[in-house]
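Peer 1: I'm passing along final31.txt; it holds compact mmCIF, C-alpha atoms (C1' of nucleotides).
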```txt
# COMPACT_ATOMS: atom_id res chain seq x y z
CA MET A 1 66.18 99.29 48.99
CA GLY A 2 67.96 100.02 45.72
CA HIS A 3 68.01 103.27 43.87
CA ALA A 4 65.56 102.25 41.19
CA GLU A 5 63.21 100.81 43.76
CA ALA A 6 63.28 103.98 45.82
CA LEU A 7 62.14 105.87 42.74
CA LEU A 8 59.29 103.44 42.32
CA ALA A 9 58.32 103.73 45.97
CA GLN A 10 58.21 107.48 45.53
CA THR A 11 55.87 107.06 42.61
CA ILE A 12 53.64 104.88 44.77
CA GLU A 13 53.44 107.70 47.26
CA LEU A 14 52.75 110.26 44.56
CA MET A 15 49.84 108.09 43.45
CA PHE A 16 48.47 108.27 46.97
CA PHE A 17 48.91 112.01 47.29
CA ALA A 18 47.62 112.75 43.83
CA TYR A 19 44.46 110.74 44.39
CA ARG A 20 43.97 112.13 47.86
CA ASP A 21 43.85 115.65 46.50
CA PHE A 22 42.14 114.76 43.25
CA THR A 23 39.07 113.70 45.23
CA SER A 24 39.13 116.55 47.72
CA ASP A 25 37.49 119.27 45.61
CA PRO A 26 34.37 117.34 44.65
CA ASP A 27 34.11 115.96 48.18
CA ALA A 28 33.67 119.47 49.51
CA ILE A 29 30.87 120.23 47.04
CA LEU A 30 29.17 116.90 47.72
CA ALA A 31 29.15 117.48 51.46
CA GLU A 32 26.92 120.54 50.99
CA ARG A 33 24.27 118.33 49.38
CA GLY A 34 24.55 115.40 51.76
CA PHE A 35 26.16 113.23 49.13
CA GLY A 36 29.41 111.30 49.31
CA ARG A 37 32.09 110.10 47.02
CA ALA A 38 30.04 107.08 46.03
CA HIS A 39 27.31 109.33 44.66
CA HIS A 40 29.88 111.26 42.71
CA ARG A 41 31.27 108.19 41.01
CA VAL A 42 27.83 107.03 39.92
CA LEU A 43 26.76 110.44 38.75
CA HIS A 44 29.99 110.99 36.90
CA PHE A 45 29.90 107.79 34.90
CA VAL A 46 26.21 108.02 34.12
CA SER A 47 26.67 111.61 33.03
CA ARG A 48 29.61 110.76 30.80
CA TYR A 49 28.16 107.55 29.44
CA PRO A 50 24.39 108.00 29.20
CA GLY A 51 22.44 104.79 28.87
CA LEU A 52 24.77 102.84 31.12
CA ARG A 53 23.16 99.78 32.68
CA VAL A 54 23.32 98.87 36.34
CA ALA A 55 25.54 95.92 35.45
CA ASP A 56 27.95 98.26 33.66
CA LEU A 57 28.25 100.43 36.74
CA LEU A 58 28.94 97.40 38.90
CA GLU A 59 31.83 96.43 36.67
CA ILE A 60 33.23 99.91 36.50
CA LEU A 61 33.05 100.65 40.18
CA LYS A 62 33.85 97.13 41.37
CA ILE A 63 31.36 97.31 44.18
CA THR A 64 28.42 95.12 45.07
CA LYS A 65 24.86 95.54 43.94
CA GLN A 66 23.82 96.55 47.43
CA SER A 67 26.43 99.31 47.72
CA LEU A 68 25.44 100.68 44.35
CA ALA A 69 21.70 100.39 44.98
CA ARG A 70 21.95 102.53 48.08
CA VAL A 71 23.45 105.54 46.37
CA LEU A 72 21.70 105.07 43.05
CA LYS A 73 18.34 105.02 44.80
CA GLN A 74 19.09 108.36 46.45
CA LEU A 75 20.25 109.89 43.20
CA ILE A 76 17.03 108.79 41.51
CA GLU A 77 14.78 109.88 44.38
CA GLU A 78 16.38 113.29 44.50
CA GLY A 79 15.98 113.72 40.76
CA PHE A 80 19.55 113.57 39.53
CA ILE A 81 19.31 110.30 37.62
CA GLU A 82 16.44 108.66 35.77
CA GLN A 83 15.94 105.18 34.35
CA ARG A 84 14.36 103.93 31.17
CA SER A 85 13.75 100.35 30.20
CA GLY A 86 16.06 99.01 27.55
CA PRO A 87 14.35 99.28 24.14
CA VAL A 88 15.52 95.86 23.03
CA ASP A 89 15.86 94.04 26.35
CA ARG A 90 13.23 95.39 28.70
CA ARG A 91 14.87 93.88 31.79
CA GLU A 92 17.65 96.41 31.50
CA ARG A 93 17.32 99.77 33.20
CA LEU A 94 19.28 102.33 31.25
CA LEU A 95 20.52 105.22 33.34
CA TYR A 96 20.50 108.87 32.34
CA THR A 97 21.18 112.08 34.18
CA THR A 98 18.36 114.57 34.47
CA GLU A 99 18.97 118.23 33.76
CA ALA A 100 19.82 118.74 37.43
CA GLY A 101 22.04 115.68 37.37
CA SER A 102 23.99 116.98 34.43
CA ARG A 103 24.48 120.30 36.13
CA LEU A 104 25.74 118.72 39.33
CA ALA A 105 28.02 116.31 37.46
CA ARG A 106 29.43 119.24 35.58
CA LYS A 107 30.00 121.23 38.72
CA LEU A 108 31.76 118.30 40.37
CA MET A 109 33.96 117.68 37.37
CA GLU A 110 35.02 121.28 36.93
CA PRO A 111 37.73 121.43 39.63
CA GLN A 112 39.04 118.07 38.50
CA LEU A 113 39.23 119.22 34.90
CA GLU A 114 41.19 122.21 36.01
CA ARG A 115 43.52 120.19 38.19
CA VAL A 116 44.16 117.64 35.46
CA ALA A 117 44.67 120.35 32.84
CA ASP A 118 47.20 122.10 35.05
CA ALA A 119 48.97 118.85 35.82
CA LEU A 120 49.18 117.85 32.17
CA ARG A 121 50.51 121.26 31.25
CA ALA A 122 53.16 120.92 33.92
CA ALA A 123 54.09 117.48 32.66
CA ALA A 124 53.96 118.19 28.94
CA SER A 125 57.43 119.59 28.46
CA LYS A 126 59.12 117.10 30.70
CA GLY A 127 59.53 114.13 28.40
CA GLY A 128 60.56 111.10 30.38
CA GLU A 129 59.76 112.73 33.68
CA ALA A 130 56.29 113.54 32.48
CA VAL A 131 54.59 111.07 34.76
CA GLU A 132 56.12 112.09 38.05
CA ALA A 133 55.72 115.72 37.16
CA PHE A 134 52.10 115.05 36.35
CA LEU A 135 51.33 113.26 39.58
CA PHE A 136 53.25 115.79 41.58
CA ALA A 137 51.38 118.60 39.94
CA MET A 138 48.13 116.87 40.84
CA ILE A 139 48.81 117.55 44.49
CA ASP A 140 47.40 120.72 46.02
CA PRO A 141 49.93 123.53 45.50
CA ALA A 142 49.83 124.28 49.21
CA GLU A 143 50.66 120.65 49.93
CA ARG A 144 53.54 120.23 47.55
CA GLY A 145 56.16 121.58 49.88
CA ARG A 146 55.11 119.16 52.56
CA VAL A 147 55.16 116.24 50.18
CA LEU A 148 58.59 117.23 48.90
CA GLY A 149 59.76 117.65 52.46
CA LEU A 150 58.61 114.19 53.32
CA ILE A 151 59.88 112.51 50.19
CA GLY A 152 63.17 114.32 50.44
CA ARG A 153 63.76 112.67 53.78
CA SER A 154 64.27 109.22 52.34
CA ARG A 155 66.22 110.00 49.21
CA ALA A 156 68.28 112.54 47.33
CA ASP A 157 67.13 112.63 43.70
CA VAL A 158 63.86 114.40 44.18
CA PRO A 159 62.60 116.66 41.39
CA ALA A 160 63.44 119.65 43.55
CA ASP A 161 63.18 122.08 40.66
CA GLU A 162 59.54 121.15 40.60
CA ASP A 163 58.27 122.89 43.69
CA GLU A 164 55.62 125.55 44.14
CA ARG A 165 54.83 126.06 40.51
CA MET B 1 32.05 119.22 25.69
CA GLY B 2 34.99 120.24 23.54
CA HIS B 3 37.69 118.04 22.21
CA ALA B 4 40.34 119.14 24.68
CA GLU B 5 37.92 118.80 27.55
CA ALA B 6 36.96 115.29 26.53
CA LEU B 7 40.61 114.34 26.73
CA LEU B 8 40.80 115.78 30.21
CA ALA B 9 37.66 113.96 31.28
CA GLN B 10 39.24 110.76 30.06
CA THR B 11 42.27 111.43 32.17
CA ILE B 12 40.00 111.93 35.18
CA GLU B 13 38.58 108.50 34.55
CA LEU B 14 42.01 106.98 34.09
CA MET B 15 42.93 108.40 37.49
CA PHE B 16 39.95 106.59 38.96
CA PHE B 17 40.71 103.30 37.27
CA ALA B 18 44.41 103.46 37.98
CA TYR B 19 43.85 104.08 41.66
CA ARG B 20 41.14 101.48 41.90
CA ASP B 21 43.49 98.80 40.67
CA PHE B 22 46.58 100.19 42.34
CA THR B 23 44.96 99.51 45.71
CA SER B 24 43.50 96.14 44.83
CA ASP B 25 46.60 93.96 45.26
CA PRO B 26 47.47 95.05 48.80
CA ASP B 27 43.79 94.97 49.75
CA ALA B 28 43.70 91.26 49.04
CA ILE B 29 46.76 90.59 51.23
CA LEU B 30 45.43 92.79 54.00
CA ALA B 31 42.10 90.98 54.09
CA GLU B 32 43.88 87.74 55.07
CA ARG B 33 45.19 89.44 58.21
CA GLY B 34 42.03 91.29 59.13
CA PHE B 35 43.53 94.62 58.20
CA GLY B 36 42.20 97.25 55.85
CA ARG B 37 43.48 99.97 53.61
CA ALA B 38 43.86 102.33 56.52
CA HIS B 39 46.31 99.98 58.20
CA HIS B 40 48.25 99.75 54.98
CA ARG B 41 48.66 103.48 54.65
CA VAL B 42 49.96 103.84 58.19
CA LEU B 43 52.30 100.88 57.91
CA HIS B 44 53.59 102.05 54.57
CA PHE B 45 54.50 105.55 55.62
CA VAL B 46 55.99 104.48 58.93
CA SER B 47 58.02 101.83 57.16
CA ARG B 48 59.29 104.25 54.56
CA TYR B 49 59.85 107.14 56.96
CA PRO B 50 60.90 105.66 60.30
CA GLY B 51 60.59 108.00 63.23
CA LEU B 52 57.46 109.65 61.89
CA ARG B 53 55.40 111.34 64.58
CA VAL B 54 51.66 110.92 64.99
CA ALA B 55 51.19 114.52 63.91
CA ASP B 56 53.12 113.83 60.71
CA LEU B 57 50.84 110.92 59.89
CA LEU B 58 47.79 113.06 60.47
CA GLU B 59 49.04 115.60 57.96
CA ILE B 60 49.99 112.99 55.41
CA LEU B 61 46.80 110.99 55.59
CA LYS B 62 44.45 113.93 56.14
CA ILE B 63 42.34 112.00 58.59
CA THR B 64 41.38 112.73 62.16
CA LYS B 65 43.25 111.70 65.26
CA GLN B 66 40.51 109.25 66.13
CA SER B 67 40.58 107.49 62.78
CA LEU B 68 44.33 107.17 62.98
CA ALA B 69 44.36 106.07 66.62
CA ARG B 70 42.08 103.15 65.88
CA VAL B 71 44.28 101.55 63.28
CA LEU B 72 47.57 102.60 64.85
CA LYS B 73 46.56 101.00 68.11
CA GLN B 74 45.88 97.71 66.36
CA LEU B 75 49.17 97.81 64.49
CA ILE B 76 51.01 98.39 67.77
CA GLU B 77 49.07 95.74 69.68
CA GLU B 78 49.70 93.18 67.00
CA GLY B 79 53.38 93.96 66.95
CA PHE B 80 53.84 95.64 63.59
CA ILE B 81 54.68 99.12 64.82
CA GLU B 82 56.43 100.33 67.96
CA GLN B 83 56.79 103.76 69.53
CA ARG B 84 59.68 105.47 71.25
CA SER B 85 59.61 108.79 73.01
CA GLY B 86 61.27 111.59 71.12
CA PRO B 87 64.84 111.99 72.39
CA VAL B 88 64.65 115.75 72.43
CA ASP B 89 60.92 116.33 73.01
CA ARG B 90 59.62 113.49 75.13
CA ARG B 91 55.98 114.28 74.35
CA GLU B 92 56.50 113.03 70.84
CA ARG B 93 55.98 109.35 70.08
CA LEU B 94 58.22 108.40 67.21
CA LEU B 95 56.92 105.48 65.19
CA TYR B 96 58.96 102.60 63.84
CA THR B 97 58.08 99.32 62.21
CA THR B 98 59.09 96.14 64.00
CA GLU B 99 60.74 93.35 62.08
CA ALA B 100 57.31 91.85 61.38
CA GLY B 101 56.04 95.28 60.39
CA SER B 102 58.83 95.76 57.88
CA ARG B 103 58.16 92.37 56.39
CA LEU B 104 54.47 93.05 55.99
CA ALA B 105 55.05 96.52 54.58
CA ARG B 106 57.44 95.03 52.09
CA LYS B 107 54.99 92.35 51.09
CA LEU B 108 52.26 94.91 50.59
CA MET B 109 54.47 97.17 48.54
CA GLU B 110 55.76 94.47 46.26
CA PRO B 111 52.79 94.21 43.88
CA GLN B 112 52.57 97.98 43.74
CA LEU B 113 56.26 98.28 42.90
CA GLU B 114 55.77 95.85 40.11
CA ARG B 115 52.68 97.58 38.81
CA VAL B 116 54.34 100.98 38.88
CA ALA B 117 57.52 99.66 37.29
CA ASP B 118 55.52 98.10 34.48
CA ALA B 119 53.48 101.23 34.02
CA LEU B 120 56.54 103.47 33.91
CA ARG B 121 58.19 101.18 31.41
CA ALA B 122 55.10 101.33 29.24
CA ALA B 123 55.07 105.12 29.48
CA ALA B 124 58.79 105.75 29.10
CA SER B 125 59.03 105.69 25.33
CA LYS B 126 55.86 107.63 24.79
CA GLY B 127 57.01 111.19 25.24
CA GLY B 128 54.01 113.47 25.47
CA GLU B 129 51.61 110.62 25.88
CA ALA B 130 53.62 109.29 28.79
CA VAL B 131 51.05 110.16 31.37
CA GLU B 132 48.00 108.56 29.82
CA ALA B 133 50.02 105.53 28.87
CA PHE B 134 51.22 105.31 32.43
CA LEU B 135 47.81 105.55 34.00
CA PHE B 136 46.35 103.21 31.47
CA ALA B 137 49.06 100.68 32.11
CA MET B 138 48.30 100.93 35.82
CA ILE B 139 44.96 99.27 35.20
CA ASP B 140 44.76 95.49 35.51
CA PRO B 141 45.60 93.96 32.13
CA ALA B 142 42.39 91.96 32.24
CA GLU B 143 40.46 95.18 32.79
CA ARG B 144 42.03 97.28 30.07
CA GLY B 145 39.78 96.05 27.35
CA ARG B 146 36.73 96.93 29.38
CA VAL B 147 38.07 100.37 30.15
CA LEU B 148 38.92 100.98 26.53
CA GLY B 149 35.52 99.70 25.55
CA LEU B 150 33.89 102.13 27.92
CA ILE B 151 36.06 105.09 27.08
CA GLY B 152 35.74 104.40 23.40
CA ARG B 153 32.02 104.86 23.73
CA SER B 154 32.21 108.57 24.38
CA ARG B 155 34.94 109.62 22.05
CA ALA B 156 37.11 108.71 19.09
CA ASP B 157 40.72 109.62 19.83
CA VAL B 158 41.45 106.89 22.32
CA PRO B 159 44.98 105.50 22.51
CA ALA B 160 43.73 102.36 20.84
CA ASP B 161 47.23 101.19 19.96
CA GLU B 162 47.72 100.91 23.68
CA ASP B 163 45.64 97.85 24.44
CA GLU B 164 46.53 94.51 25.99
CA ARG B 165 50.24 95.09 26.24
C1' DA C 1 53.35 129.38 87.42
C1' DA C 2 50.69 129.60 83.23
C1' DA C 3 50.03 128.57 78.57
C1' DA C 4 50.78 125.95 74.63
C1' DT C 5 51.72 121.53 72.51
C1' DA C 6 51.73 116.35 71.45
C1' DT C 7 49.30 112.71 72.28
C1' DG C 8 45.65 109.61 73.95
C1' DT C 9 40.92 108.47 74.83
C1' DC C 10 35.82 108.29 75.04
C1' DA C 11 31.12 108.33 73.21
C1' DA C 12 28.47 108.74 69.30
C1' DC C 13 27.45 108.97 64.58
C1' DA C 14 27.57 108.52 59.12
C1' DT C 15 29.14 106.55 54.87
C1' DG C 16 29.91 103.06 52.13
C1' DG C 17 32.00 98.74 51.63
C1' DC C 18 30.47 93.59 52.36
C1' DT C 19 27.44 88.86 52.49
C1' DG C 20 23.65 85.96 51.62
C1' DA C 21 19.09 85.17 50.74
C1' DC C 22 15.22 85.86 48.15
C1' DA C 23 11.71 88.17 44.58
C1' DT C 24 10.36 89.66 39.99
C1' DA C 25 10.24 90.26 35.23
C1' DA C 26 11.92 89.30 30.91
C1' DA C 27 14.64 86.75 27.66
C1' DT C 28 16.41 82.51 26.00
C1' DC C 29 16.87 77.59 25.44
C1' DG C 30 15.53 72.83 24.74
C1' DC D 1 5.52 75.64 25.96
C1' DG D 2 7.99 75.14 30.07
C1' DA D 3 12.40 75.49 32.32
C1' DT D 4 16.34 78.08 32.99
C1' DT D 5 19.09 82.00 32.87
C1' DT D 6 19.65 86.86 33.22
C1' DA D 7 19.02 91.78 34.89
C1' DT D 8 17.58 93.99 38.50
C1' DG D 9 15.70 95.04 43.08
C1' DT D 10 15.43 94.41 47.97
C1' DC D 11 15.99 93.01 52.85
C1' DA D 12 18.56 92.32 57.12
C1' DG D 13 22.76 92.81 59.15
C1' DC D 14 27.77 93.32 59.59
C1' DC D 15 32.33 95.78 59.40
C1' DA D 16 35.84 99.35 58.34
C1' DT D 17 36.87 103.80 58.45
C1' DG D 18 35.70 108.38 58.15
C1' DT D 19 33.58 112.29 61.22
C1' DT D 20 32.85 115.64 65.76
C1' DG D 21 33.58 117.30 70.27
C1' DA D 22 34.98 116.92 74.78
C1' DC D 23 38.37 115.98 77.96
C1' DA D 24 42.96 113.97 80.26
C1' DT D 25 47.98 113.73 80.63
C1' DA D 26 52.66 114.74 80.13
C1' DT D 27 55.90 117.85 78.65
C1' DT D 28 57.77 121.98 76.84
C1' DT D 29 57.69 126.85 76.33
C1' DT D 30 56.83 131.42 77.84
```
Do you think you could lay out the structure here as structure tokens?

Peer 2:
Amino acid sequence: MGHAEALLAQTIELMFFAYRDFTSDPDAILAERGFGRAHHRVLHFVSRYPGLRVADLLEILKITKQSLARVLKQLIEEGFIEQRSGPVDRRERLLYTTEAGSRLARKLMEPQLERVADALRAAASKGGEAVEAFLFAMIDPAERGRVLGLIGRSRADVPADEDER
Amino acid sequence: MGHAEALLAQTIELMFFAYRDFTSDPDAILAERGFGRAHHRVLHFVSRYPGLRVADLLEILKITKQSLARVLKQLIEEGFIEQRSGPVDRRERLLYTTEAGSRLARKLMEPQLERVADALRAAASKGGEAVEAFLFAMIDPAERGRVLGLIGRSRADVPADEDER
DNA sequence: AAAATATGTCAACATGGCTGACATAAATCG
DNA sequence: CGATTTATGTCAGCCATGTTGACATATTTT
């Protein structure tokens, strides 16, 4: 594996780690309510884009109607999302969050906002290295040493000045 | 939601889209062999970090021993990964890819390498906007219009000059 | 010799993907 | 108008992959 490719492979791994930790905060909150990550995704997009149709959600999430129906049904039954018929095309069911839904969506997004804000701040000054710095900073602070330790095992040119910020 | 926060929320969504598509290429290859994403993760890390212990994998993947054992067992039985006892501590089982395992890991990584390389190229010149450009470029080209269309619905300051590269 | 550690294994369960078939209502087309 | 297409819902059932908790074994450490 060449030098350039090793850098790319590292970025692949940073993607994994960043996403792993990016989802961990909301997961913890969801578990308290008996919801899962699938509920979060639906609630998030409906909250951010009110009036979304079922078909829109299917395209966004890239899941099947059945998978979506399961979680959407629960969110509706438990009063987090409500539907209205499309004013022009009455076959469409437009999705909106209820007051409770908005609150939960907000609560779930909060730790992610903070994580992303921190990561962007860490990446801002870095110019060309902005991306790696960003993804690295997305990883739990407590986990960064471990990730560096692992990544450092395969190669030399790790952003070692980046640790434990 | 303030202006700055809307930008952050967009980045959260880009993280989702980028990861969604980042995993889609290997998923398709894995499906042919009856493997899933979990197999990929194990194979990838063992391939990149030969001699990894089971405990290391557990920490990296943040899954339980049982979840790991299931897929690891299959990878070993089907001849993609082999174990050797630790030379110093014989309780440890050090994991290595076989020749077939290396080939598969390589094949799975290839589309991701390409995607990341493209995305980094797209982000390189962008300075402060490097991160968004990177994540955006991680999304399937065919999907970018849809994502822009969606994201454009909530806000104005979208990187609209970024589309269909 | 006892305790701690690394790993494996079992049973059981939950979530969230999937397929394929079929139903309904509404819109659109010829 | 009648036929077709579209948007959505729903059912049964399957599979992958996450979970817990208990327990077994070999090996190392104390």

Peer 1: Extract, using all atoms listed in the file, all DNA, RNA and protein residues at most 8 Å from Met15 in chain B, discarding same-chain residues fewer than 4 positions from it, and format them as a ChimeraX atom specification.

Peer 2: /A:19 /B:11,19,135

Peer 1: Given a cut-off of 10 Å, which residues of chain D touch chain A, counting all atoms listed in the file, written out as a ChimeraX atom specification?

Peer 2: /D:6-10

Peer 1: Using only C-alpha atoms (C1' of nucleotides), which residue out of C:DA1, C:DA6, C:DA25, C:DC13 lies closest to chain B?

Peer 2: C:DA6

Peer 1: Restricting the calculation to all atoms listed in the file: of B:His40, B:Arg20, B:Lys73, B:Arg33, which residue gets closest to chain C?

Peer 2: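 Using all atoms listed in the file, chain C sits closest to B:Lys73.
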
Peer 1: Could you list, with a cut-off of 9 Å and counting all atoms listed in the file, the residues of chain C near chain A, each shown with its nearest atom pair and the distance in Å rounded to one decimal, rows sorted by chain and ascending number, as a tab-separated table?

Peer 2:
```
residue	atom	partner	partner_atom	distance
C:DT15	C1'	A:Gly36	CA	7.3
C:DG16	C1'	A:Ser67	CA	6.8
C:DG17	C1'	A:Ser67	CA	6.8
C:DC18	C1'	A:Thr64	CA	7.7
C:DA25	C1'	A:Arg91	CA	6.8
C:DA26	C1'	A:Arg91	CA	5.5
C:DA27	C1'	A:Asp89	CA	7.5
```

Peer 1: Grab the CA of Leu108 in chain B to CA of Phe17 in chain A distance for me, in Å with one decimal place.

Peer 2: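 That distance, rounded to one decimal, is 17.7 Å.
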
Peer 1: Hey, can you pull every residue with an atom no more than 10 Å from (55.0, 92.5, 63.1), using only C-alpha atoms (C1' of nucleotides), and send it as a VMD selection string?

Peer 2: chain B and resid 75 to 82 97 to 105

Peer 1: To one decimal place in Å, what is the distance between CA of Gly2 in chain A and CA of Leu120 in chain A?

Peer 2: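 If I compute the distance from CA of Gly2 in chain A to CA of Leu120 in chain A, I get 29.2 Å.
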
Peer 1: Record the distance separating CA of Ser24 in chain B and CA of Arg115 in chain B, expressed in Å with one decimal.

Peer 2: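 Taking CA of Ser24 in chain B and CA of Arg115 in chain B, their separation equals 11.1 Å.
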
Peer 1: Considering all atoms listed in the file, state which residue in the set A:Leu148, A:Leu8, A:Leu94, A:Val46 is at the smallest distance from chain B.

Peer 2: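 With all atoms listed in the file as the atom set, the closest residue is A:Leu8.
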
Peer 1: Here is a test: counting all atoms listed in the file, which residue of B:Ile12, B:Arg121, B:Arg144, B:His3 is nearest to chain A?

Peer 2: B:Ile12
